[in-house]
>>> print(open('entry-v2.pdb').read())   # PDB, C-alpha atoms
ATOM      1  CA  MET F   1      12.242  25.210  34.131
ATOM      2  CA  SER F   2      13.379  28.735  33.431
ATOM      3  CA  THR F   3      15.005  29.807  30.220
ATOM      4  CA  ALA F   4      18.247  30.631  32.004
ATOM      5  CA  HIS F   5      19.550  27.074  32.146
ATOM      6  CA  THR F   6      19.264  26.621  28.405
ATOM      7  CA  MET F   7      20.278  30.084  27.338
ATOM      8  CA  HIS F   8      23.553  30.554  29.208
ATOM      9  CA  ASN F   9      25.401  28.360  26.708
ATOM     10  CA  ALA F  10      24.052  30.337  23.777
ATOM     11  CA  HIS F  11      27.491  31.498  22.619
ATOM     12  CA  HIS F  12      28.667  27.904  22.077
ATOM     13  CA  ALA F  13      27.945  26.472  18.657
ATOM     14  CA  ILE F  14      24.823  24.390  18.982
ATOM     15  CA  ASP F  15      24.378  21.037  17.278
ATOM     16  CA  ALA F  16      20.607  21.266  16.843
ATOM     17  CA  ILE F  17      17.474  22.663  18.485
ATOM     18  CA  ALA F  18      14.831  20.243  19.758
ATOM     19  CA  ILE F  19      11.157  21.244  19.671
ATOM     20  CA  VAL F  20       9.147  18.801  21.706
ATOM     21  CA  GLY F  21       5.844  18.538  23.522
ATOM     22  CA  PRO F  22       2.893  16.211  23.959
ATOM     23  CA  THR F  23       0.789  15.205  20.959
ATOM     24  CA  ALA F  24      -1.433  18.019  19.578
ATOM     25  CA  SER F  25       0.529  20.752  21.393
ATOM     26  CA  GLY F  26       1.426  22.603  18.182
ATOM     27  CA  LYS F  27       4.970  21.341  17.500
ATOM     28  CA  THR F  28       4.611  21.034  13.715
ATOM     29  CA  ALA F  29       3.263  24.584  13.281
ATOM     30  CA  ALA F  30       5.967  26.012  15.569
ATOM     31  CA  ALA F  31       8.753  24.123  13.780
ATOM     32  CA  LEU F  32       7.597  25.171  10.301
ATOM     33  CA  ALA F  33       7.317  28.822  11.376
ATOM     34  CA  LEU F  34      10.772  28.644  12.954
ATOM     35  CA  ALA F  35      12.298  27.054   9.853
ATOM     36  CA  GLN F  36      10.873  29.893   7.726
ATOM     37  CA  ALA F  37      12.190  32.492  10.189
ATOM     38  CA  LEU F  38      15.673  30.942  10.064
ATOM     39  CA  GLN F  39      15.997  31.365   6.285
ATOM     40  CA  ALA F  40      17.942  34.560   6.963
ATOM     41  CA  GLN F  41      20.328  32.674   9.287
ATOM     42  CA  GLY F  42      21.345  29.987   6.816
ATOM     43  CA  GLY F  43      18.127  28.000   6.834
ATOM     44  CA  ALA F  44      16.939  24.935   8.731
ATOM     45  CA  GLU F  45      15.937  21.328   8.119
ATOM     46  CA  ILE F  46      13.572  19.238  10.207
ATOM     47  CA  ILE F  47      14.529  15.824  11.613
ATOM     48  CA  SER F  48      11.384  14.038  12.742
ATOM     49  CA  VAL F  49      11.532  12.541  16.249
ATOM     50  CA  ASP F  50       8.425  10.423  15.825
ATOM     51  CA  SER F  51       8.164   6.643  15.842
ATOM     52  CA  ALA F  52       4.965   6.707  13.727
ATOM     53  CA  LEU F  53       6.023   9.135  10.984
ATOM     54  CA  VAL F  54       8.733   6.738   9.788
ATOM     55  CA  TYR F  55       6.018   4.563   8.181
ATOM     56  CA  ARG F  56       4.800   4.915   4.613
ATOM     57  CA  GLY F  57       1.057   4.681   4.001
ATOM     58  CA  MET F  58       0.269   5.881   7.524
ATOM     59  CA  ASP F  59      -0.455   9.521   6.823
ATOM     60  CA  ILE F  60      -3.820  10.501   8.268
ATOM     61  CA  GLY F  61      -3.637   8.786  11.645
ATOM     62  CA  THR F  62      -0.117  10.055  12.325
ATOM     63  CA  ALA F  63      -1.020  13.701  11.478
ATOM     64  CA  LYS F  64       1.910  13.597   9.059
ATOM     65  CA  PRO F  65       2.896  17.008   7.631
ATOM     66  CA  ASP F  66       1.086  17.457   4.306
ATOM     67  CA  ARG F  67       2.713  17.825   0.905
ATOM     68  CA  GLU F  68       2.970  21.621   1.096
ATOM     69  CA  GLU F  69       4.537  21.472   4.564
ATOM     70  CA  LEU F  70       7.007  18.790   3.497
ATOM     71  CA  ALA F  71       7.893  20.856   0.431
ATOM     72  CA  ALA F  72       8.317  24.119   2.375
ATOM     73  CA  VAL F  73      11.162  22.781   4.526
ATOM     74  CA  PRO F  74      13.376  19.706   3.973
ATOM     75  CA  HIS F  75      12.183  16.905   6.313
ATOM     76  CA  HIS F  76      14.057  13.760   7.346
ATOM     77  CA  LEU F  77      13.063  10.376   8.866
ATOM     78  CA  ILE F  78       9.537  10.536   7.435
ATOM     79  CA  ASP F  79       8.238   7.730   5.159
ATOM     80  CA  ILE F  80      11.460   5.727   5.420
ATOM     81  CA  LEU F  81       9.973   2.308   6.276
ATOM     82  CA  ASP F  82       7.189  -0.057   5.322
ATOM     83  CA  PRO F  83       4.746  -0.743   8.200
ATOM     84  CA  LEU F  84       6.031  -4.332   8.224
ATOM     85  CA  GLN F  85       9.436  -3.129   9.469
ATOM     86  CA  SER F  86      10.445  -1.903  12.909
ATOM     87  CA  TYR F  87      12.591   1.030  13.976
ATOM     88  CA  SER F  88      14.465   1.353  17.258
ATOM     89  CA  ALA F  89      15.836   4.171  19.385
ATOM     90  CA  ALA F  90      19.344   2.946  18.475
ATOM     91  CA  GLU F  91      18.583   3.286  14.750
ATOM     92  CA  PHE F  92      17.142   6.747  15.376
ATOM     93  CA  VAL F  93      20.340   7.831  17.189
ATOM     94  CA  LYS F  94      22.491   6.566  14.324
ATOM     95  CA  ASP F  95      20.323   8.276  11.672
ATOM     96  CA  ALA F  96      19.942  11.552  13.585
ATOM     97  CA  THR F  97      23.675  11.754  14.338
ATOM     98  CA  ARG F  98      24.476  11.353  10.641
ATOM     99  CA  LEU F  99      21.810  13.891   9.608
ATOM    100  CA  ILE F 100      22.873  16.536  12.141
ATOM    101  CA  ALA F 101      26.439  16.412  10.775
ATOM    102  CA  ASP F 102      25.187  16.495   7.187
ATOM    103  CA  ILE F 103      22.838  19.453   7.795
ATOM    104  CA  ARG F 104      25.565  21.357   9.647
ATOM    105  CA  SER F 105      27.990  20.762   6.781
ATOM    106  CA  ARG F 106      25.530  22.654   4.567
ATOM    107  CA  GLY F 107      25.497  25.591   6.982
ATOM    108  CA  LYS F 108      21.976  24.923   8.198
ATOM    109  CA  THR F 109      20.360  24.340  11.588
ATOM    110  CA  SER F 110      18.830  20.957  12.490
ATOM    111  CA  LEU F 111      15.439  21.108  14.168
ATOM    112  CA  LEU F 112      14.594  17.888  16.025
ATOM    113  CA  VAL F 113      10.806  17.888  16.121
ATOM    114  CA  GLY F 114       8.450  15.338  17.648
ATOM    115  CA  GLY F 115       7.054  13.590  20.676
ATOM    116  CA  THR F 116       8.833  10.220  20.817
ATOM    117  CA  MET F 117      10.691  11.101  23.983
ATOM    118  CA  LEU F 118      12.563   7.786  24.132
ATOM    119  CA  TYR F 119      14.311   8.710  20.857
ATOM    120  CA  LEU F 120      15.298  12.162  22.061
ATOM    121  CA  LYS F 121      16.482  10.876  25.436
ATOM    122  CA  ALA F 122      18.573   8.195  23.697
ATOM    123  CA  LEU F 123      20.156  10.858  21.470
ATOM    124  CA  LEU F 124      20.888  13.267  24.328
ATOM    125  CA  GLU F 125      21.914  10.755  26.974
ATOM    126  CA  GLY F 126      23.378   7.909  24.958
ATOM    127  CA  LEU F 127      22.254   4.334  24.552
ATOM    128  CA  ASN F 128      23.685   1.502  26.440
ATOM    129  CA  ASP F 129      24.372  -2.182  25.877
ATOM    130  CA  ILE F 130      20.951  -3.494  26.739
ATOM    131  CA  PRO F 131      21.100  -7.258  26.158
ATOM    132  CA  ALA F 132      19.673  -8.695  22.975
ATOM    133  CA  ALA F 133      16.315 -10.465  23.050
ATOM    134  CA  ASN F 134      16.222 -13.792  24.849
ATOM    135  CA  THR F 135      13.633 -15.912  23.039
ATOM    136  CA  GLN F 136      13.120 -18.420  25.858
ATOM    137  CA  VAL F 137      12.576 -15.749  28.509
ATOM    138  CA  ARG F 138      10.310 -13.865  26.098
ATOM    139  CA  ALA F 139       8.198 -16.967  25.478
ATOM    140  CA  ASP F 140       7.826 -17.548  29.232
ATOM    141  CA  ILE F 141       6.712 -13.950  29.779
ATOM    142  CA  GLN F 142       4.198 -14.164  26.915
ATOM    143  CA  GLN F 143       2.773 -17.337  28.424
ATOM    144  CA  GLN F 144       2.491 -15.719  31.851
ATOM    145  CA  ALA F 145       0.812 -12.685  30.289
ATOM    146  CA  GLN F 146      -1.764 -14.883  28.571
ATOM    147  CA  SER F 147      -2.989 -16.199  31.888
ATOM    148  CA  LEU F 148      -2.596 -13.015  33.976
ATOM    149  CA  GLY F 149      -3.181 -10.255  31.413
ATOM    150  CA  TRP F 150      -0.862  -7.334  30.603
ATOM    151  CA  PRO F 151      -2.137  -4.961  33.326
ATOM    152  CA  ALA F 152      -1.050  -7.592  35.881
ATOM    153  CA  MET F 153       2.339  -7.870  34.154
ATOM    154  CA  HIS F 154       2.593  -4.073  34.322
ATOM    155  CA  ALA F 155       1.942  -4.272  38.090
ATOM    156  CA  LEU F 156       4.680  -6.907  38.314
ATOM    157  CA  LEU F 157       7.075  -4.622  36.464
ATOM    158  CA  ALA F 158       6.153  -1.752  38.811
ATOM    159  CA  GLN F 159       7.477  -3.872  41.703
ATOM    160  CA  VAL F 160      10.884  -4.579  40.151
ATOM    161  CA  ASP F 161      11.360  -1.504  37.947
ATOM    162  CA  PRO F 162       9.007   1.313  39.003
ATOM    163  CA  THR F 163      10.855   3.873  36.841
ATOM    164  CA  THR F 164      10.175   2.000  33.597
ATOM    165  CA  ALA F 165       6.646   1.004  34.655
ATOM    166  CA  ALA F 166       5.742   4.653  35.310
ATOM    167  CA  ARG F 167       6.315   5.621  31.689
ATOM    168  CA  LEU F 168       4.491   2.653  30.133
ATOM    169  CA  ALA F 169       0.765   2.160  29.638
ATOM    170  CA  PRO F 170      -0.634  -0.972  31.353
ATOM    171  CA  GLY F 171      -1.561  -2.356  27.927
ATOM    172  CA  ASP F 172       1.796  -1.711  26.236
ATOM    173  CA  SER F 173       2.555  -5.418  25.989
ATOM    174  CA  GLN F 174       5.591  -4.996  23.733
ATOM    175  CA  ARG F 175       7.526  -2.681  26.076
ATOM    176  CA  ILE F 176       6.341  -4.245  29.333
ATOM    177  CA  GLY F 177       7.416  -7.635  27.997
ATOM    178  CA  ARG F 178      10.808  -6.269  26.966
ATOM    179  CA  ALA F 179      11.428  -4.640  30.365
ATOM    180  CA  LEU F 180      10.479  -7.842  32.204
ATOM    181  CA  GLU F 181      12.650  -9.845  29.816
ATOM    182  CA  VAL F 182      15.690  -7.648  30.568
ATOM    183  CA  TRP F 183      15.032  -7.939  34.323
ATOM    184  CA  THR F 184      14.571 -11.730  34.167
ATOM    185  CA  ALA F 185      17.595 -12.329  31.939
ATOM    186  CA  THR F 186      20.055  -9.996  33.690
ATOM    187  CA  GLY F 187      18.688  -9.266  37.178
ATOM    188  CA  GLN F 188      19.079  -5.584  36.268
ATOM    189  CA  THR F 189      16.288  -3.134  35.512
ATOM    190  CA  LEU F 190      15.876  -1.560  32.086
ATOM    191  CA  SER F 191      16.018   1.862  33.760
ATOM    192  CA  SER F 192      19.426   1.003  35.278
ATOM    193  CA  PHE F 193      20.718   0.294  31.771
ATOM    194  CA  HIS F 194      19.366   3.685  30.683
ATOM    195  CA  GLN F 195      21.065   5.294  33.712
ATOM    196  CA  SER F 196      24.498   3.831  33.013
ATOM    197  CA  ALA F 197      24.184   4.918  29.384
ATOM    198  CA  LYS F 198      24.500   8.524  30.503
ATOM    199  CA  THR F 199      28.195   8.121  31.218
ATOM    200  CA  ALA F 200      28.844   7.239  27.577
ATOM    201  CA  ALA F 201      26.570   9.954  26.179
ATOM    202  CA  PRO F 202      27.955  12.196  23.445
ATOM    203  CA  HIS F 203      28.461  15.816  24.446
ATOM    204  CA  TRP F 204      25.754  17.340  22.329
ATOM    205  CA  HIS F 205      24.754  20.936  22.731
ATOM    206  CA  ILE F 206      21.058  20.610  21.872
ATOM    207  CA  PRO F 207      18.779  23.065  23.679
ATOM    208  CA  VAL F 208      15.277  21.643  24.212
ATOM    209  CA  ILE F 209      12.244  23.906  23.755
ATOM    210  CA  SER F 210       9.114  22.210  25.061
ATOM    211  CA  LEU F 211       5.533  23.213  24.237
ATOM    212  CA  GLU F 212       3.512  22.317  27.320
ATOM    213  CA  PRO F 213      -0.054  23.292  28.158
ATOM    214  CA  THR F 214      -0.906  24.451  31.672
ATOM    215  CA  ASP F 215      -4.530  23.402  31.222
ATOM    216  CA  ARG F 216      -5.050  19.688  30.582
ATOM    217  CA  ALA F 217      -8.586  20.374  29.299
ATOM    218  CA  TRP F 218      -7.151  22.545  26.502
ATOM    219  CA  LEU F 219      -4.987  19.649  25.330
ATOM    220  CA  HIS F 220      -7.866  17.159  25.613
ATOM    221  CA  GLN F 221     -10.002  19.401  23.429
ATOM    222  CA  ARG F 222      -7.215  19.675  20.840
ATOM    223  CA  ILE F 223      -6.768  15.888  20.843
ATOM    224  CA  ALA F 224     -10.501  15.288  20.287
ATOM    225  CA  GLN F 225     -10.624  17.940  17.568
ATOM    226  CA  ARG F 226      -7.664  16.423  15.771
ATOM    227  CA  PHE F 227      -9.089  12.911  16.009
ATOM    228  CA  ASP F 228     -12.343  14.149  14.462
ATOM    229  CA  GLN F 229     -10.389  15.834  11.656
ATOM    230  CA  MET F 230      -8.574  12.544  11.017
ATOM    231  CA  MET F 231     -11.861  10.639  10.897
ATOM    232  CA  ASP F 232     -13.258  13.215   8.433
ATOM    233  CA  ALA F 233     -10.109  12.946   6.305
ATOM    234  CA  GLY F 234     -10.617   9.188   5.795
ATOM    235  CA  PHE F 235      -8.639   7.613   8.634
ATOM    236  CA  MET F 236     -10.830   4.487   8.760
ATOM    237  CA  ASP F 237     -10.276   3.901   5.025
ATOM    238  CA  GLU F 238      -6.531   4.246   5.588
ATOM    239  CA  VAL F 239      -6.667   1.503   8.250
ATOM    240  CA  ARG F 240      -8.896  -0.677   6.032
ATOM    241  CA  ARG F 241      -6.305  -0.427   3.248
ATOM    242  CA  LEU F 242      -3.533  -1.453   5.665
ATOM    243  CA  ARG F 243      -5.599  -4.441   6.856
ATOM    244  CA  GLU F 244      -6.388  -5.484   3.302
ATOM    245  CA  ARG F 245      -2.684  -5.874   2.532
ATOM    246  CA  GLY F 246      -2.831  -9.188   4.358
ATOM    247  CA  ASP F 247       0.752  -9.157   5.662
ATOM    248  CA  LEU F 248       0.255  -6.759   8.593
ATOM    249  CA  HIS F 249      -0.988  -7.751  12.048
ATOM    250  CA  PRO F 250      -1.910  -5.842  15.221
ATOM    251  CA  ASP F 251       1.271  -6.814  17.101
ATOM    252  CA  LEU F 252       3.606  -4.944  14.737
ATOM    253  CA  PRO F 253       5.080  -1.716  16.159
ATOM    254  CA  SER F 254       3.459   0.245  13.303
ATOM    255  CA  MET F 255      -0.013  -1.095  14.042
ATOM    256  CA  ARG F 256       0.440  -0.460  17.755
ATOM    257  CA  CYS F 257       0.617   3.297  17.111
ATOM    258  CA  VAL F 258      -2.070   5.239  18.926
ATOM    259  CA  GLY F 259      -5.278   5.420  16.880
ATOM    260  CA  TYR F 260      -4.276   2.635  14.495
ATOM    261  CA  ARG F 261      -4.447   0.046  17.213
ATOM    262  CA  GLN F 262      -7.947   1.100  18.286
ATOM    263  CA  ALA F 263      -9.172   1.361  14.675
ATOM    264  CA  TRP F 264      -7.770  -2.083  13.825
ATOM    265  CA  GLU F 265      -9.363  -3.650  16.919
ATOM    266  CA  GLY F 266     -12.630  -1.883  16.160
ATOM    267  CA  LEU F 267     -12.761  -3.096  12.573
ATOM    268  CA  GLU F 268     -11.988  -6.606  13.758
ATOM    269  CA  ALA F 269     -14.647  -6.553  16.479
ATOM    270  CA  GLY F 270     -17.232  -4.622  14.478
ATOM    271  CA  TRP F 271     -17.398  -1.645  16.850
ATOM    272  CA  PRO F 272     -19.374   1.399  15.736
ATOM    273  CA  GLU F 273     -17.186   4.324  14.636
ATOM    274  CA  ALA F 274     -18.267   6.310  17.705
ATOM    275  CA  GLU F 275     -16.623   3.693  19.925
ATOM    276  CA  ILE F 276     -13.434   3.647  17.844
ATOM    277  CA  ARG F 277     -13.338   7.446  18.122
ATOM    278  CA  GLU F 278     -13.860   7.348  21.888
ATOM    279  CA  ARG F 279     -11.174   4.714  22.436
ATOM    280  CA  GLY F 280      -8.771   6.436  20.048
ATOM    281  CA  ILE F 281      -9.155   9.761  21.848
ATOM    282  CA  PHE F 282      -8.718   8.087  25.244
ATOM    283  CA  ALA F 283      -5.525   6.319  24.084
ATOM    284  CA  THR F 284      -4.164   9.596  22.668
ATOM    285  CA  ARG F 285      -4.815  11.340  26.002
ATOM    286  CA  GLN F 286      -2.909   8.565  27.781
ATOM    287  CA  LEU F 287      -0.024   9.021  25.339
ATOM    288  CA  ALA F 288       0.024  12.784  25.996
ATOM    289  CA  LYS F 289       0.088  12.130  29.732
ATOM    290  CA  ARG F 290       3.125   9.832  29.365
ATOM    291  CA  GLN F 291       4.861  12.367  27.110
ATOM    292  CA  ILE F 292       4.384  15.079  29.744
ATOM    293  CA  THR F 293       5.845  12.748  32.404
ATOM    294  CA  TRP F 294       8.913  12.198  30.183
ATOM    295  CA  LEU F 295       9.270  15.943  29.568
ATOM    296  CA  ARG F 296       9.155  16.766  33.256
ATOM    297  CA  SER F 297      12.130  14.462  33.770
ATOM    298  CA  MET F 298      14.221  16.717  31.473
ATOM    299  CA  PRO F 299      15.369  19.506  33.792
ATOM    300  CA  GLY F 300      17.258  21.498  31.166
ATOM    301  CA  ARG F 301      14.303  22.168  28.905
ATOM    302  CA  THR F 302      12.860  25.620  28.248
ATOM    303  CA  VAL F 303       9.076  25.534  28.581
ATOM    304  CA  VAL F 304       6.796  27.540  26.310
ATOM    305  CA  GLN F 305       3.157  27.636  27.394
ATOM    306  CA  ALA F 306       1.352  25.907  24.517
ATOM    307  CA  ASP F 307      -2.036  27.279  25.585
ATOM    308  CA  GLY F 308      -0.747  30.701  26.587
ATOM    309  CA  THR F 309      -2.112  34.047  25.431
ATOM    310  CA  ASN F 310       1.279  34.958  23.945
ATOM    311  CA  ASN F 311       1.632  33.261  20.582
ATOM    312  CA  PRO F 312       3.652  30.094  21.385
ATOM    313  CA  THR F 313       4.996  29.902  17.819
ATOM    314  CA  ASP F 314       6.470  33.401  18.136
ATOM    315  CA  GLN F 315       7.985  32.497  21.492
ATOM    316  CA  VAL F 316       9.623  29.361  20.082
ATOM    317  CA  THR F 317      11.026  31.407  17.181
ATOM    318  CA  ALA F 318      12.387  34.139  19.472
ATOM    319  CA  LEU F 319      14.015  31.611  21.824
ATOM    320  CA  ALA F 320      15.583  29.656  18.968
ATOM    321  CA  LYS F 321      16.875  32.722  17.142
ATOM    322  CA  ALA F 322      18.533  33.921  20.342
ATOM    323  CA  LEU F 323      20.476  30.656  20.464
ATOM    324  CA  LEU F 324      21.936  31.067  16.993
ATOM    325  CA  PRO F 325      24.777  33.337  15.876
ATOM    326  CA  GLY F 326      24.000  36.229  13.557
TER     327      GLY F 326
END
>>> encode(input="entry-v2.pdb", output="structure tokens")
Amino acid sequence: MSTAHTMHNAHHAIDAIAIVGPTASGKTAAALALAQALQAQGGAEIISVDSALVYRGMDIGTAKPDREELAAVPHHLIDILDPLQSYSAAEFVKDATRLIADIRSRGKTSLLVGGTMLYLKALLEGLNDIPAANTQVRADIQQQAQSLGWPAMHALLAQVDPTTAARLAPGDSQRIGRALEVWTATGQTLSSFHQSAKTAAPHWHIPVISLEPTDRAWLHQRIAQRFDQMMDAGFMDEVRRLRERGDLHPDLPSMRCVGYRQAWEGLEAGWPEAEIRERGIFATRQLAKRQITWLRSMPGRTVVQADGTNNPTDQVTALAKALLPG
């Protein structure tokens, strides 16, 4: 957890710097400040590591960088898809690999910024030949889930693949279903596929700087504050517009994003806004908890205290600048 592990390779050319952390930990602010500070060292560009920011028309609920922020520093992998489409970790790896090379060729530093830990892990550790979807097995699992419910399916997954189950929410039907499908079709766990991928991983040199709060209450307060800001900025109208399109449905990956899912369900069921807010905040806290679990499984990361008295943005900048030549 110390800085030593990450810093001892500082004299090697680095491929990129990753700035990660749970939702609402201050990643965007830290990355923008760092990008400005690196102007003197050739400049930097931001590659978003966020499965929600890829979608157009989903701006408020994803806390997407605003126009000024996007204009201040070149950003990539934001607004690249319609909410009807899906985006996988494999596609992220392909896109990020291409972008890192492109940004380096222009003499700049790539900053990988975001909280979709699956994407970062896939980039750092390699992806492996997980079998393609098996429609019959999938249908059987869906049928089973209809009678038992997804929390029961999650418990089932915990028996056969505790590693994968630990990082999934009991209601994450899409990923629980996929993990059970892989297990049923191959007799191997999804986590074992992720393990064997490591052997084929590219040899990136990407130091990971992680903004992590020591006080959970601090993060919870930030999450609630941000959710209220989103509500004030017109989040419910954004979701209404998406629903009015008529071609989107709640099972799409885009509509399963935290906040959107609760708002969609609430509009459908006629919940008062206070209940949508409460459920949205709760779901965001659960997401943050899973992100922290992922982060703790990355031993080589350098931790910056997000809620510390020392300005975390300054710390991120100092750490990153020390990694770069000149």
>>> residues_around(input="entry-v2.pdb", residues="stretch 154-169 of chain F", least_positions_apart="3", cutoff="10 Å", atoms="only C-alpha atoms", output="list in words")
Ala145, Gly149, Trp150, Pro151, Asp172, Ser173, Arg175, Ile176, Gly177, Ala179, Leu180, Trp183, Gly187, Gln188, Thr189, Leu190, Ser191, Ser192, His194, Ala283, Gln286, Leu287, Lys289, Arg290, Gln291, Ile292, Thr293 and Trp294 of chain F
>>> resolve_selection(input="entry-v2.pdb", expression="the PyMOL selection byres ((chain F and resi 56-59) around 12)", output="JSON, numbers by chain")
{"F": [51, 52, 53, 54, 55, 60, 61, 62, 63, 64, 65, 66, 67, 77, 78, 79, 80, 81, 82, 83, 84, 85, 230, 233, 234, 235, 236, 237, 238, 239, 240, 241, 242, 243, 245, 254, 255, 257, 258, 259, 260]}
>>> closest_atom_pairs(input="entry-v2.pdb", of="stretch 15-77 of chain F", to="stretch 92-115 of chain F", cutoff="6 Å", atoms="all atoms listed in the file", output="Markdown table")
| residue | atom | partner | partner_atom | distance |
| --- | --- | --- | --- | --- |
| F:Ala16 | CA | F:Ser110 | CA | 4.7 |
| F:Ile17 | CA | F:Leu111 | CA | 5.0 |
| F:Ala18 | CA | F:Leu112 | CA | 4.4 |
| F:Ile19 | CA | F:Val113 | CA | 4.9 |
| F:Val20 | CA | F:Gly114 | CA | 5.4 |
| F:Gly21 | CA | F:Gly115 | CA | 5.8 |
| F:Pro22 | CA | F:Gly115 | CA | 5.9 |
| F:Gly42 | CA | F:Lys108 | CA | 5.3 |
| F:Gly43 | CA | F:Lys108 | CA | 5.1 |
| F:Ala44 | CA | F:Thr109 | CA | 4.5 |
| F:Glu45 | CA | F:Ser110 | CA | 5.3 |
| F:Ile46 | CA | F:Leu111 | CA | 4.8 |
| F:Ile47 | CA | F:Leu112 | CA | 4.9 |
| F:Ser48 | CA | F:Val113 | CA | 5.2 |
| F:Val49 | CA | F:Gly114 | CA | 4.4 |
| F:Asp50 | CA | F:Gly114 | CA | 5.2 |
>>> resolve_selection(input="entry-v2.pdb", expression="the PyMOL selection byres ((chain F and resi 306-320) around 6)", output="list in words")
Ala30, Leu34, Leu211, Glu212, Pro213, Val304, Gln305, Lys321, Ala322 and Leu323 of chain F
>>> axis_aligned_box(input="entry-v2.pdb", around="stretch 156-162 of chain F", padding_each_side="4 Å", output="JSON")
{"center_x": 8.0, "center_y": -2.8, "center_z": 39.1, "size_x": 14.7, "size_y": 16.2, "size_z": 13.2}
>>> closest_residue(input="entry-v2.pdb", among="F:Ser25, F:Gln39, F:Gln174, F:Thr184", to="F:Arg226", atoms="only C-alpha atoms")
F:Ser25
>>> atom_distance(input="entry-v2.pdb", atom1="atom CA of F:Arg216", atom2="atom CA of F:Asp228")
18.5 Å
>>> atom_distance(input="entry-v2.pdb", atom1="atom CA of F:Val182", atom2="atom CA of F:Pro250")
23.4 Å
